[in-house]
Amino acid sequence: MRRLPPLSGIEAFVQVARTGSVKAAAESLLLSAPALSRRIQGLERQLGRPLFDRVHQGVLLNAEGEALLHRIAPALDAMVDAIDATVGGAEIMRLRIGMPPLFASQQIIHRLPDLRELHPTLHLDIDTAPHAMARVGEGLDAAIVLVRSVEPSLYGRRMGVNYVVALASPELINGPHPIKTPKDLRHHTILLHRDMPETFDEWRDAMGQPDVEPAAIDHMDSGQLMLEAAAQGLGIAFMLDSHLSEWDDAERLVPLFTKKIASPYNYYFTCRRSAMSVRAVRLFHDWLFEALEEDPAS
């Protein structure tokens, strides 16, 4: 039988790959950074190929490393599960995670039965209060945030690419001031989320209409309220295409225009880098991105 690499080297590799930081991985394994690096180098020598690209600010997982992580991480997690079950039985894991309420209702809640079936001991405390990224590590283990970018000190992984859509009720579109071109917005109120204040500015620039001014701009702090307000004809909501795809009453809201404009804001999963070694965080993170990959429309 072919001799396997030392488990210590595999564990070191997986931790660095998941945290994106040698320092954070070393801290989680109670090792010095040089000791952890030696373990990874030993694994690379035995495999006969590098798993990371060495860059000025640290290491980046290369294609070989990505493939190995995809194959080996589930097996390592299964070993941990087996050992935990043997030693102490199943214990409840609790994850305190923040996320916007609209994302929670559209993207998470209906998927939780699958998560419960896969990881029955993982329980979520979902926090929908604002400013989740600022509370990561201080009340929250992790967060899903809608931002331009994640703070450099945190681990962040983007959850797909979103596009800006202008949403309005059919009655508004065909009313006294019909909407045929972006210039027609001058007769209408637009609705913006307080956490996405630059959405309209960047949208009109990308549309080649930087001078278009709406009749008014109203701000809301709830995506669900924005959708309902637009459906009631109170204005044109500038939101993400994913919000429309999960809206359950397509006849009340329709998108305006056809040009696809990339959103300056996207959803990210974020946590402290060291938190990626916490089992509850890691299990939810891996499950979430696998679920999103299986359902690209989301």
# chains A, B, ... in the order shown; residues from 1 in each chain; ligands from 1
call {"tool": "residues_around", "arguments": {"residues": "Thr19 (chain A)", "least_positions_apart": "2", "cutoff": "10 Å", "atoms": "only C-alpha atoms", "output": "list in words"}}
result
Val14, Gln15, Val16, Ala17, Ser21, Val22, Lys23, Ala24, Ala25, Ser28, Leu154, Tyr155, Gly156, Cys271, Arg272, Arg273, Ser274, Ala275, Met276, Ser277 and Arg282 of chain A
call {"tool": "write_last_selection", "arguments": {"atoms": "C-alpha atoms", "output": "PDB file, in the first residue's frame"}}
result
ATOM      1  CA  VAL A  14      -5.951  22.388   5.064  1.00  0.00           C
ATOM      2  CA  GLN A  15      -5.763  25.026   7.784  1.00  0.00           C
ATOM      3  CA  VAL A  16      -3.668  27.412   5.677  1.00  0.00           C
ATOM      4  CA  ALA A  17      -5.902  26.830   2.655  1.00  0.00           C
ATOM      5  CA  SER A  21      -3.004  32.876   6.384  1.00  0.00           C
ATOM      6  CA  VAL A  22       0.029  31.002   7.692  1.00  0.00           C
ATOM      7  CA  LYS A  23      -0.106  33.031  10.902  1.00  0.00           C
ATOM      8  CA  ALA A  24      -3.790  32.299  11.592  1.00  0.00           C
ATOM      9  CA  ALA A  25      -3.365  28.603  10.765  1.00  0.00           C
ATOM     10  CA  SER A  28      -5.116  27.579  15.519  1.00  0.00           C
ATOM     11  CA  LEU A 154     -10.808  39.628   7.923  1.00  0.00           C
ATOM     12  CA  TYR A 155     -11.282  36.497   5.855  1.00  0.00           C
ATOM     13  CA  GLY A 156     -13.704  37.240   3.043  1.00  0.00           C
ATOM     14  CA  CYS A 271     -15.105  36.053   9.677  1.00  0.00           C
ATOM     15  CA  ARG A 272     -11.855  36.445  11.511  1.00  0.00           C
ATOM     16  CA  ARG A 273      -9.156  34.454   9.757  1.00  0.00           C
ATOM     17  CA  SER A 274      -8.539  32.352  12.835  1.00  0.00           C
ATOM     18  CA  ALA A 275     -12.268  31.506  12.977  1.00  0.00           C
ATOM     19  CA  MET A 276     -11.940  29.332   9.875  1.00  0.00           C
ATOM     20  CA  SER A 277     -10.378  26.739  12.168  1.00  0.00           C
ATOM     21  CA  ARG A 282     -15.935  25.919   8.739  1.00  0.00           C
TER      22      ARG A 282
END
call {"tool": "residues_around", "arguments": {"residues": "Arg96 (chain A)", "least_positions_apart": "6", "cutoff": "9 Å", "atoms": "only C-alpha atoms", "output": "PDB file with N, CA and C atoms, in the first residue's frame"}}
result
ATOM      1  N   HIS A 123     -26.196  24.252  15.063  1.00  0.00           N
ATOM      2  CA  HIS A 123     -27.337  25.140  15.253  1.00  0.00           C
ATOM      3  C   HIS A 123     -26.910  26.583  15.013  1.00  0.00           C
ATOM      4  N   LEU A 124     -27.801  27.349  14.392  1.00  0.00           N
ATOM      5  CA  LEU A 124     -27.499  28.732  14.041  1.00  0.00           C
ATOM      6  C   LEU A 124     -28.265  29.705  14.914  1.00  0.00           C
ATOM      7  N   ASP A 125     -27.568  30.720  15.394  1.00  0.00           N
ATOM      8  CA  ASP A 125     -28.202  31.904  15.963  1.00  0.00           C
ATOM      9  C   ASP A 125     -28.061  33.001  14.919  1.00  0.00           C
ATOM     10  N   ILE A 126     -29.157  33.324  14.214  1.00  0.00           N
ATOM     11  CA  ILE A 126     -29.108  34.283  13.112  1.00  0.00           C
ATOM     12  C   ILE A 126     -29.432  35.681  13.630  1.00  0.00           C
ATOM     13  N   ASP A 127     -28.530  36.597  13.342  1.00  0.00           N
ATOM     14  CA  ASP A 127     -28.636  37.986  13.793  1.00  0.00           C
ATOM     15  C   ASP A 127     -28.806  38.864  12.550  1.00  0.00           C
ATOM     16  N   GLY A 139     -19.286  39.258  19.320  1.00  0.00           N
ATOM     17  CA  GLY A 139     -20.711  38.941  19.336  1.00  0.00           C
ATOM     18  C   GLY A 139     -21.131  38.055  18.192  1.00  0.00           C
ATOM     19  N   LEU A 140     -20.396  38.091  17.090  1.00  0.00           N
ATOM     20  CA  LEU A 140     -20.689  37.239  15.947  1.00  0.00           C
ATOM     21  C   LEU A 140     -19.469  36.393  15.591  1.00  0.00           C
ATOM     22  N   ASP A 141     -19.716  35.127  15.280  1.00  0.00           N
ATOM     23  CA  ASP A 141     -18.630  34.262  14.807  1.00  0.00           C
ATOM     24  C   ASP A 141     -18.319  34.524  13.340  1.00  0.00           C
ATOM     25  N   ALA A 142     -19.345  34.888  12.579  1.00  0.00           N
ATOM     26  CA  ALA A 142     -19.191  35.108  11.137  1.00  0.00           C
ATOM     27  C   ALA A 142     -20.359  35.967  10.677  1.00  0.00           C
ATOM     28  N   ALA A 143     -20.277  36.425   9.434  1.00  0.00           N
ATOM     29  CA  ALA A 143     -21.361  37.247   8.901  1.00  0.00           C
ATOM     30  C   ALA A 143     -21.412  37.115   7.386  1.00  0.00           C
ATOM     31  N   VAL A 281     -17.914  27.236  12.211  1.00  0.00           N
ATOM     32  CA  VAL A 281     -17.724  28.222  11.136  1.00  0.00           C
ATOM     33  C   VAL A 281     -17.355  27.523   9.840  1.00  0.00           C
TER      34      VAL A 281
END
call {"tool": "select_by_dssp", "arguments": {"residues": "region 197-298 of chain A", "states": "helix (DSSP H, G or I)", "output": "PDB file with N, CA, C and O atoms, in the first residue's frame"}}
result
ATOM      1  N   THR A 199     -25.301  52.862  -5.454  1.00  0.00           N
ATOM      2  CA  THR A 199     -25.810  51.991  -6.517  1.00  0.00           C
ATOM      3  C   THR A 199     -26.318  52.775  -7.720  1.00  0.00           C
ATOM      4  O   THR A 199     -25.965  52.486  -8.867  1.00  0.00           O
ATOM      5  N   PHE A 200     -27.160  53.774  -7.475  1.00  0.00           N
ATOM      6  CA  PHE A 200     -27.743  54.518  -8.594  1.00  0.00           C
ATOM      7  C   PHE A 200     -26.690  55.318  -9.335  1.00  0.00           C
ATOM      8  O   PHE A 200     -26.704  55.376 -10.579  1.00  0.00           O
ATOM      9  N   ASP A 201     -25.770  55.951  -8.614  1.00  0.00           N
ATOM     10  CA  ASP A 201     -24.725  56.739  -9.264  1.00  0.00           C
ATOM     11  C   ASP A 201     -23.903  55.880 -10.221  1.00  0.00           C
ATOM     12  O   ASP A 201     -23.636  56.277 -11.363  1.00  0.00           O
ATOM     13  N   GLU A 202     -23.508  54.714  -9.761  1.00  0.00           N
ATOM     14  CA  GLU A 202     -22.683  53.858 -10.615  1.00  0.00           C
ATOM     15  C   GLU A 202     -23.509  53.256 -11.746  1.00  0.00           C
ATOM     16  O   GLU A 202     -22.999  53.035 -12.844  1.00  0.00           O
ATOM     17  N   TRP A 203     -24.784  52.999 -11.488  1.00  0.00           N
ATOM     18  CA  TRP A 203     -25.643  52.458 -12.542  1.00  0.00           C
ATOM     19  C   TRP A 203     -25.801  53.457 -13.679  1.00  0.00           C
ATOM     20  O   TRP A 203     -25.649  53.109 -14.847  1.00  0.00           O
ATOM     21  N   ARG A 204     -26.108  54.713 -13.354  1.00  0.00           N
ATOM     22  CA  ARG A 204     -26.337  55.688 -14.426  1.00  0.00           C
ATOM     23  C   ARG A 204     -25.047  56.012 -15.176  1.00  0.00           C
ATOM     24  O   ARG A 204     -25.083  56.268 -16.379  1.00  0.00           O
ATOM     25  N   ASP A 205     -23.906  55.971 -14.479  1.00  0.00           N
ATOM     26  CA  ASP A 205     -22.637  56.162 -15.188  1.00  0.00           C
ATOM     27  C   ASP A 205     -22.413  55.029 -16.184  1.00  0.00           C
ATOM     28  O   ASP A 205     -21.998  55.260 -17.326  1.00  0.00           O
ATOM     29  N   ALA A 206     -22.664  53.788 -15.741  1.00  0.00           N
ATOM     30  CA  ALA A 206     -22.465  52.634 -16.615  1.00  0.00           C
ATOM     31  C   ALA A 206     -23.457  52.634 -17.774  1.00  0.00           C
ATOM     32  O   ALA A 206     -23.162  52.108 -18.855  1.00  0.00           O
ATOM     33  N   GLY A 223     -34.402  45.606   2.587  1.00  0.00           N
ATOM     34  CA  GLY A 223     -34.613  45.181   1.212  1.00  0.00           C
ATOM     35  C   GLY A 223     -36.038  44.714   0.979  1.00  0.00           C
ATOM     36  O   GLY A 223     -36.622  44.953  -0.083  1.00  0.00           O
ATOM     37  N   GLN A 224     -36.612  44.021   1.957  1.00  0.00           N
ATOM     38  CA  GLN A 224     -37.985  43.535   1.817  1.00  0.00           C
ATOM     39  C   GLN A 224     -38.958  44.693   1.679  1.00  0.00           C
ATOM     40  O   GLN A 224     -39.886  44.657   0.850  1.00  0.00           O
ATOM     41  N   LEU A 225     -38.747  45.758   2.453  1.00  0.00           N
ATOM     42  CA  LEU A 225     -39.609  46.928   2.347  1.00  0.00           C
ATOM     43  C   LEU A 225     -39.432  47.618   1.003  1.00  0.00           C
ATOM     44  O   LEU A 225     -40.404  48.137   0.425  1.00  0.00           O
ATOM     45  N   MET A 226     -38.210  47.643   0.489  1.00  0.00           N
ATOM     46  CA  MET A 226     -37.973  48.246  -0.822  1.00  0.00           C
ATOM     47  C   MET A 226     -38.740  47.511  -1.914  1.00  0.00           C
ATOM     48  O   MET A 226     -39.355  48.134  -2.795  1.00  0.00           O
ATOM     49  N   LEU A 227     -38.697  46.181  -1.872  1.00  0.00           N
ATOM     50  CA  LEU A 227     -39.422  45.395  -2.860  1.00  0.00           C
ATOM     51  C   LEU A 227     -40.919  45.672  -2.786  1.00  0.00           C
ATOM     52  O   LEU A 227     -41.589  45.858  -3.808  1.00  0.00           O
ATOM     53  N   GLU A 228     -41.450  45.712  -1.582  1.00  0.00           N
ATOM     54  CA  GLU A 228     -42.881  45.942  -1.418  1.00  0.00           C
ATOM     55  C   GLU A 228     -43.259  47.362  -1.832  1.00  0.00           C
ATOM     56  O   GLU A 228     -44.305  47.585  -2.460  1.00  0.00           O
ATOM     57  N   ALA A 229     -42.413  48.332  -1.479  1.00  0.00           N
ATOM     58  CA  ALA A 229     -42.690  49.716  -1.857  1.00  0.00           C
ATOM     59  C   ALA A 229     -42.709  49.871  -3.370  1.00  0.00           C
ATOM     60  O   ALA A 229     -43.578  50.562  -3.935  1.00  0.00           O
ATOM     61  N   ALA A 230     -41.763  49.225  -4.043  1.00  0.00           N
ATOM     62  CA  ALA A 230     -41.743  49.285  -5.510  1.00  0.00           C
ATOM     63  C   ALA A 230     -42.966  48.598  -6.093  1.00  0.00           C
ATOM     64  O   ALA A 230     -43.579  49.082  -7.059  1.00  0.00           O
ATOM     65  N   ALA A 231     -43.360  47.464  -5.519  1.00  0.00           N
ATOM     66  CA  ALA A 231     -44.536  46.744  -6.003  1.00  0.00           C
ATOM     67  C   ALA A 231     -45.814  47.569  -5.814  1.00  0.00           C
ATOM     68  O   ALA A 231     -46.769  47.435  -6.580  1.00  0.00           O
ATOM     69  N   ASP A 241     -29.933  41.567  -8.916  1.00  0.00           N
ATOM     70  CA  ASP A 241     -30.697  40.604  -9.698  1.00  0.00           C
ATOM     71  C   ASP A 241     -31.130  39.399  -8.869  1.00  0.00           C
ATOM     72  O   ASP A 241     -32.190  38.825  -9.095  1.00  0.00           O
ATOM     73  N   SER A 242     -30.314  39.020  -7.872  1.00  0.00           N
ATOM     74  CA  SER A 242     -30.683  37.888  -7.021  1.00  0.00           C
ATOM     75  C   SER A 242     -31.930  38.194  -6.197  1.00  0.00           C
ATOM     76  O   SER A 242     -32.711  37.296  -5.870  1.00  0.00           O
ATOM     77  N   HIS A 243     -32.139  39.463  -5.844  1.00  0.00           N
ATOM     78  CA  HIS A 243     -33.340  39.824  -5.091  1.00  0.00           C
ATOM     79  C   HIS A 243     -34.587  39.592  -5.938  1.00  0.00           C
ATOM     80  O   HIS A 243     -35.611  39.131  -5.436  1.00  0.00           O
ATOM     81  N   LEU A 244     -34.508  39.914  -7.217  1.00  0.00           N
ATOM     82  CA  LEU A 244     -35.649  39.707  -8.097  1.00  0.00           C
ATOM     83  C   LEU A 244     -35.895  38.227  -8.351  1.00  0.00           C
ATOM     84  O   LEU A 244     -37.038  37.771  -8.375  1.00  0.00           O
ATOM     85  N   SER A 245     -34.808  37.456  -8.527  1.00  0.00           N
ATOM     86  CA  SER A 245     -34.970  36.039  -8.858  1.00  0.00           C
ATOM     87  C   SER A 245     -35.663  35.275  -7.737  1.00  0.00           C
ATOM     88  O   SER A 245     -36.286  34.244  -7.983  1.00  0.00           O
ATOM     89  N   ALA A 250     -43.876  37.584  -9.220  1.00  0.00           N
ATOM     90  CA  ALA A 250     -43.254  38.185 -10.401  1.00  0.00           C
ATOM     91  C   ALA A 250     -44.173  39.166 -11.115  1.00  0.00           C
ATOM     92  O   ALA A 250     -43.697  40.088 -11.785  1.00  0.00           O
ATOM     93  N   GLU A 251     -45.481  38.999 -10.997  1.00  0.00           N
ATOM     94  CA  GLU A 251     -46.394  39.878 -11.718  1.00  0.00           C
ATOM     95  C   GLU A 251     -46.429  41.289 -11.142  1.00  0.00           C
ATOM     96  O   GLU A 251     -46.837  42.235 -11.830  1.00  0.00           O
ATOM     97  N   ARG A 252     -45.996  41.454  -9.911  1.00  0.00           N
ATOM     98  CA  ARG A 252     -46.060  42.773  -9.271  1.00  0.00           C
ATOM     99  C   ARG A 252     -44.804  43.604  -9.497  1.00  0.00           C
ATOM    100  O   ARG A 252     -44.813  44.812  -9.243  1.00  0.00           O
ATOM    101  N   ARG A 273      -9.896  35.519  10.435  1.00  0.00           N
ATOM    102  CA  ARG A 273      -9.156  34.454   9.757  1.00  0.00           C
ATOM    103  C   ARG A 273      -8.982  33.235  10.658  1.00  0.00           C
ATOM    104  O   ARG A 273      -9.100  32.095  10.210  1.00  0.00           O
ATOM    105  N   SER A 274      -8.726  33.470  11.917  1.00  0.00           N
ATOM    106  CA  SER A 274      -8.539  32.352  12.835  1.00  0.00           C
ATOM    107  C   SER A 274      -9.828  31.560  13.031  1.00  0.00           C
ATOM    108  O   SER A 274      -9.793  30.383  13.392  1.00  0.00           O
ATOM    109  N   ALA A 275     -10.985  32.192  12.767  1.00  0.00           N
ATOM    110  CA  ALA A 275     -12.268  31.506  12.977  1.00  0.00           C
ATOM    111  C   ALA A 275     -12.502  30.394  11.969  1.00  0.00           C
ATOM    112  O   ALA A 275     -13.336  29.517  12.201  1.00  0.00           O
ATOM    113  N   MET A 276     -11.770  30.398  10.853  1.00  0.00           N
ATOM    114  CA  MET A 276     -11.940  29.332   9.875  1.00  0.00           C
ATOM    115  C   MET A 276     -11.461  27.987  10.407  1.00  0.00           C
ATOM    116  O   MET A 276     -11.726  26.950   9.805  1.00  0.00           O
ATOM    117  N   SER A 277     -10.767  27.996  11.533  1.00  0.00           N
ATOM    118  CA  SER A 277     -10.378  26.739  12.168  1.00  0.00           C
ATOM    119  C   SER A 277     -11.424  26.271  13.182  1.00  0.00           C
ATOM    120  O   SER A 277     -11.318  25.169  13.721  1.00  0.00           O
ATOM    121  N   ARG A 279     -14.814  24.700  14.074  1.00  0.00           N
ATOM    122  CA  ARG A 279     -15.548  23.705  13.294  1.00  0.00           C
ATOM    123  C   ARG A 279     -16.912  24.202  12.830  1.00  0.00           C
ATOM    124  O   ARG A 279     -17.310  23.988  11.684  1.00  0.00           O
ATOM    125  N   ALA A 280     -17.655  24.876  13.698  1.00  0.00           N
ATOM    126  CA  ALA A 280     -18.979  25.350  13.315  1.00  0.00           C
ATOM    127  C   ALA A 280     -18.885  26.349  12.161  1.00  0.00           C
ATOM    128  O   ALA A 280     -19.694  26.306  11.222  1.00  0.00           O
ATOM    129  N   VAL A 281     -17.914  27.236  12.211  1.00  0.00           N
ATOM    130  CA  VAL A 281     -17.724  28.222  11.136  1.00  0.00           C
ATOM    131  C   VAL A 281     -17.355  27.523   9.840  1.00  0.00           C
ATOM    132  O   VAL A 281     -17.910  27.804   8.775  1.00  0.00           O
ATOM    133  N   ARG A 282     -16.424  26.604   9.947  1.00  0.00           N
ATOM    134  CA  ARG A 282     -15.935  25.919   8.739  1.00  0.00           C
ATOM    135  C   ARG A 282     -17.041  25.083   8.084  1.00  0.00           C
ATOM    136  O   ARG A 282     -17.208  25.097   6.862  1.00  0.00           O
ATOM    137  N   LEU A 283     -17.814  24.366   8.894  1.00  0.00           N
ATOM    138  CA  LEU A 283     -18.869  23.524   8.333  1.00  0.00           C
ATOM    139  C   LEU A 283     -19.926  24.361   7.619  1.00  0.00           C
ATOM    140  O   LEU A 283     -20.376  24.009   6.521  1.00  0.00           O
ATOM    141  N   PHE A 284     -20.311  25.475   8.238  1.00  0.00           N
ATOM    142  CA  PHE A 284     -21.316  26.327   7.602  1.00  0.00           C
ATOM    143  C   PHE A 284     -20.755  26.945   6.330  1.00  0.00           C
ATOM    144  O   PHE A 284     -21.437  26.994   5.301  1.00  0.00           O
ATOM    145  N   HIS A 285     -19.540  27.440   6.395  1.00  0.00           N
ATOM    146  CA  HIS A 285     -18.884  28.041   5.223  1.00  0.00           C
ATOM    147  C   HIS A 285     -18.846  27.072   4.058  1.00  0.00           C
ATOM    148  O   HIS A 285     -19.255  27.394   2.935  1.00  0.00           O
ATOM    149  N   ASP A 286     -18.377  25.865   4.299  1.00  0.00           N
ATOM    150  CA  ASP A 286     -18.254  24.888   3.211  1.00  0.00           C
ATOM    151  C   ASP A 286     -19.621  24.481   2.676  1.00  0.00           C
ATOM    152  O   ASP A 286     -19.811  24.352   1.458  1.00  0.00           O
ATOM    153  N   TRP A 287     -20.570  24.275   3.573  1.00  0.00           N
ATOM    154  CA  TRP A 287     -21.930  23.911   3.139  1.00  0.00           C
ATOM    155  C   TRP A 287     -22.547  25.029   2.305  1.00  0.00           C
ATOM    156  O   TRP A 287     -23.153  24.774   1.260  1.00  0.00           O
ATOM    157  N   LEU A 288     -22.370  26.271   2.736  1.00  0.00           N
ATOM    158  CA  LEU A 288     -22.973  27.410   2.043  1.00  0.00           C
ATOM    159  C   LEU A 288     -22.486  27.508   0.604  1.00  0.00           C
ATOM    160  O   LEU A 288     -23.292  27.642  -0.335  1.00  0.00           O
ATOM    161  N   PHE A 289     -21.178  27.431   0.404  1.00  0.00           N
ATOM    162  CA  PHE A 289     -20.663  27.599  -0.946  1.00  0.00           C
ATOM    163  C   PHE A 289     -20.960  26.388  -1.827  1.00  0.00           C
ATOM    164  O   PHE A 289     -21.159  26.546  -3.037  1.00  0.00           O
ATOM    165  N   GLU A 290     -21.036  25.217  -1.249  1.00  0.00           N
ATOM    166  CA  GLU A 290     -21.456  24.051  -2.032  1.00  0.00           C
ATOM    167  C   GLU A 290     -22.920  24.203  -2.456  1.00  0.00           C
ATOM    168  O   GLU A 290     -23.286  23.884  -3.593  1.00  0.00           O
ATOM    169  N   ALA A 291     -23.758  24.722  -1.557  1.00  0.00           N
ATOM    170  CA  ALA A 291     -25.175  24.920  -1.887  1.00  0.00           C
ATOM    171  C   ALA A 291     -25.336  25.957  -2.987  1.00  0.00           C
ATOM    172  O   ALA A 291     -26.164  25.793  -3.897  1.00  0.00           O
ATOM    173  N   LEU A 292     -24.550  27.022  -2.940  1.00  0.00           N
ATOM    174  CA  LEU A 292     -24.648  28.060  -3.957  1.00  0.00           C
ATOM    175  C   LEU A 292     -24.148  27.561  -5.307  1.00  0.00           C
ATOM    176  O   LEU A 292     -24.680  27.938  -6.355  1.00  0.00           O
ATOM    177  N   GLU A 293     -23.116  26.730  -5.289  1.00  0.00           N
ATOM    178  CA  GLU A 293     -22.596  26.177  -6.550  1.00  0.00           C
ATOM    179  C   GLU A 293     -23.614  25.241  -7.189  1.00  0.00           C
ATOM    180  O   GLU A 293     -23.724  25.160  -8.404  1.00  0.00           O
ATOM    181  N   GLU A 294     -24.382  24.522  -6.365  1.00  0.00           N
ATOM    182  CA  GLU A 294     -25.388  23.610  -6.892  1.00  0.00           C
ATOM    183  C   GLU A 294     -26.604  24.357  -7.447  1.00  0.00           C
ATOM    184  O   GLU A 294     -27.362  23.814  -8.234  1.00  0.00           O
TER     185      GLU A 294
END
call {"tool": "closest_residue", "arguments": {"among": "A:Phe238, A:Phe103, A:Phe52, A:Tyr268", "to": "Pro197 (chain A)", "atoms": "only C-alpha atoms"}}
result
A:Phe238
call {"tool": "select_by_dssp", "arguments": {"residues": "region 153-219 of chain A", "states": "strand (DSSP E or B)", "output": "count of residues only"}}
result
20
call {"tool": "closest_residue", "arguments": {"among": "A:Pro255, A:Pro264, A:Gly208, A:Gly235", "to": "Met220 (chain A)", "atoms": "only C-alpha atoms"}}
result
A:Gly235
call {"tool": "closest_residue", "arguments": {"among": "A:Glu64, A:Ala129, A:Arg111, A:Val254", "to": "Val165 (chain A)", "atoms": "only C-alpha atoms"}}
result
A:Val254
call {"tool": "closest_residue", "arguments": {"among": "A:Pro210, A:Ala63, A:Gln41, A:Leu256", "to": "Asn174 (chain A)", "atoms": "only C-alpha atoms"}}
result
A:Leu256
call {"tool": "atom_distance", "arguments": {"atom1": "CA of Met133 (chain A)", "atom2": "CA of Ala237 (chain A)"}}
result
24.5 Å
call {"tool": "closest_residue", "arguments": {"among": "A:Pro74, A:Thr128, A:Ser169, A:Val136", "to": "Leu102 (chain A)", "atoms": "only C-alpha atoms"}}
result
A:Thr128
call {"tool": "atom_distance", "arguments": {"atom1": "CA of Pro6 (chain A)", "atom2": "CA of Ile40 (chain A)"}}
result
10.2 Å
call {"tool": "atom_distance", "arguments": {"atom1": "CA of Gln209 (chain A)", "atom2": "CA of Arg148 (chain A)"}}
result
22.3 Å
call {"tool": "residues_around", "arguments": {"residues": "Val212 (chain A)", "least_positions_apart": "3", "cutoff": "9 Å", "atoms": "only C-alpha atoms", "output": "list in words"}}
result
Pro182, Lys183, Asp184, Leu185, Arg186, Arg204 and Gln209 of chain A
call {"tool": "write_last_selection", "arguments": {"atoms": "N, CA, C and O atoms", "output": "PDB file, in the first residue's frame"}}
result
ATOM      1  N   PRO A 182     -33.607  55.522 -19.653  1.00  0.00           N
ATOM      2  CA  PRO A 182     -33.138  56.053 -18.363  1.00  0.00           C
ATOM      3  C   PRO A 182     -33.523  57.507 -18.144  1.00  0.00           C
ATOM      4  O   PRO A 182     -33.728  57.929 -16.997  1.00  0.00           O
ATOM      5  N   LYS A 183     -33.643  58.297 -19.209  1.00  0.00           N
ATOM      6  CA  LYS A 183     -34.001  59.708 -19.045  1.00  0.00           C
ATOM      7  C   LYS A 183     -35.390  59.878 -18.450  1.00  0.00           C
ATOM      8  O   LYS A 183     -35.689  60.905 -17.829  1.00  0.00           O
ATOM      9  N   ASP A 184     -36.250  58.872 -18.622  1.00  0.00           N
ATOM     10  CA  ASP A 184     -37.612  58.960 -18.079  1.00  0.00           C
ATOM     11  C   ASP A 184     -37.641  58.890 -16.558  1.00  0.00           C
ATOM     12  O   ASP A 184     -38.685  59.175 -15.943  1.00  0.00           O
ATOM     13  N   LEU A 185     -36.516  58.533 -15.947  1.00  0.00           N
ATOM     14  CA  LEU A 185     -36.474  58.456 -14.481  1.00  0.00           C
ATOM     15  C   LEU A 185     -36.618  59.830 -13.837  1.00  0.00           C
ATOM     16  O   LEU A 185     -36.865  59.931 -12.634  1.00  0.00           O
ATOM     17  N   ARG A 186     -36.459  60.879 -14.625  1.00  0.00           N
ATOM     18  CA  ARG A 186     -36.573  62.224 -14.048  1.00  0.00           C
ATOM     19  C   ARG A 186     -37.975  62.505 -13.505  1.00  0.00           C
ATOM     20  O   ARG A 186     -38.169  63.431 -12.718  1.00  0.00           O
ATOM     21  N   ARG A 204     -26.108  54.713 -13.354  1.00  0.00           N
ATOM     22  CA  ARG A 204     -26.337  55.688 -14.426  1.00  0.00           C
ATOM     23  C   ARG A 204     -25.047  56.012 -15.176  1.00  0.00           C
ATOM     24  O   ARG A 204     -25.083  56.268 -16.379  1.00  0.00           O
ATOM     25  N   GLN A 209     -25.505  57.661 -18.797  1.00  0.00           N
ATOM     26  CA  GLN A 209     -26.445  58.746 -18.510  1.00  0.00           C
ATOM     27  C   GLN A 209     -26.094  59.399 -17.167  1.00  0.00           C
ATOM     28  O   GLN A 209     -26.914  59.430 -16.238  1.00  0.00           O
TER      29      GLN A 209
END
call {"tool": "residues_around", "arguments": {"residues": "Tyr265 (chain A)", "least_positions_apart": "5", "cutoff": "9 Å", "atoms": "only C-alpha atoms", "output": "number ranges by chain"}}
result
A: 146-149, 162-163, 196, 199, 240
call {"tool": "write_last_selection", "arguments": {"atoms": "N, CA and C atoms", "output": "short mmCIF file (atom, residue, chain, number, x, y, z; two decimals), in the first residue's frame"}}
result
data_model
loop_
_atom_site.label_atom_id
_atom_site.label_comp_id
_atom_site.auth_asym_id
_atom_site.auth_seq_id
_atom_site.Cartn_x
_atom_site.Cartn_y
_atom_site.Cartn_z
N LEU A 146 -23.33 42.59 2.67
CA LEU A 146 -23.47 43.16 1.33
C LEU A 146 -22.64 44.43 1.30
N VAL A 147 -21.45 44.34 0.73
CA VAL A 147 -20.48 45.43 0.80
C VAL A 147 -19.70 45.52 -0.51
N ARG A 148 -18.92 46.59 -0.63
CA ARG A 148 -18.03 46.73 -1.78
C ARG A 148 -16.82 45.80 -1.62
N SER A 149 -16.32 45.71 -0.39
CA SER A 149 -15.17 44.84 -0.13
C SER A 149 -15.13 44.54 1.36
N ASN A 162 -23.08 39.87 -8.68
CA ASN A 162 -24.43 40.40 -8.80
C ASN A 162 -24.49 41.56 -9.78
N TYR A 163 -25.68 41.78 -10.32
CA TYR A 163 -25.93 42.89 -11.24
C TYR A 163 -27.03 43.77 -10.69
N MET A 196 -26.34 50.56 0.43
CA MET A 196 -25.89 50.56 -0.96
C MET A 196 -26.11 51.95 -1.58
N THR A 199 -25.30 52.86 -5.45
CA THR A 199 -25.81 51.99 -6.52
C THR A 199 -26.32 52.77 -7.72
N LEU A 240 -30.42 44.12 -6.42
CA LEU A 240 -29.60 43.12 -7.09
C LEU A 240 -30.49 42.14 -7.85
#
call {"tool": "decode", "arguments": {"residues": "region 52-63 of chain A", "atoms": "C-alpha atoms", "output": "PDB file, in the first residue's frame"}}
result
ATOM      1  CA  PHE A  52       0.712  27.370  -2.878  1.00  0.00           C
ATOM      2  CA  ASP A  53       2.112  30.314  -4.780  1.00  0.00           C
ATOM      3  CA  ARG A  54       4.464  32.265  -2.534  1.00  0.00           C
ATOM      4  CA  VAL A  55       3.759  35.993  -2.792  1.00  0.00           C
ATOM      5  CA  HIS A  56       5.073  39.036  -0.970  1.00  0.00           C
ATOM      6  CA  GLN A  57       2.206  39.184   1.509  1.00  0.00           C
ATOM      7  CA  GLY A  58       1.878  35.448   2.138  1.00  0.00           C
ATOM      8  CA  VAL A  59       0.677  32.402   0.212  1.00  0.00           C
ATOM      9  CA  LEU A  60      -2.067  31.804  -2.339  1.00  0.00           C
ATOM     10  CA  LEU A  61      -3.575  28.415  -3.058  1.00  0.00           C
ATOM     11  CA  ASN A  62      -2.705  27.364  -6.615  1.00  0.00           C
ATOM     12  CA  ALA A  63      -4.695  25.092  -8.941  1.00  0.00           C
TER      13      ALA A  63
END
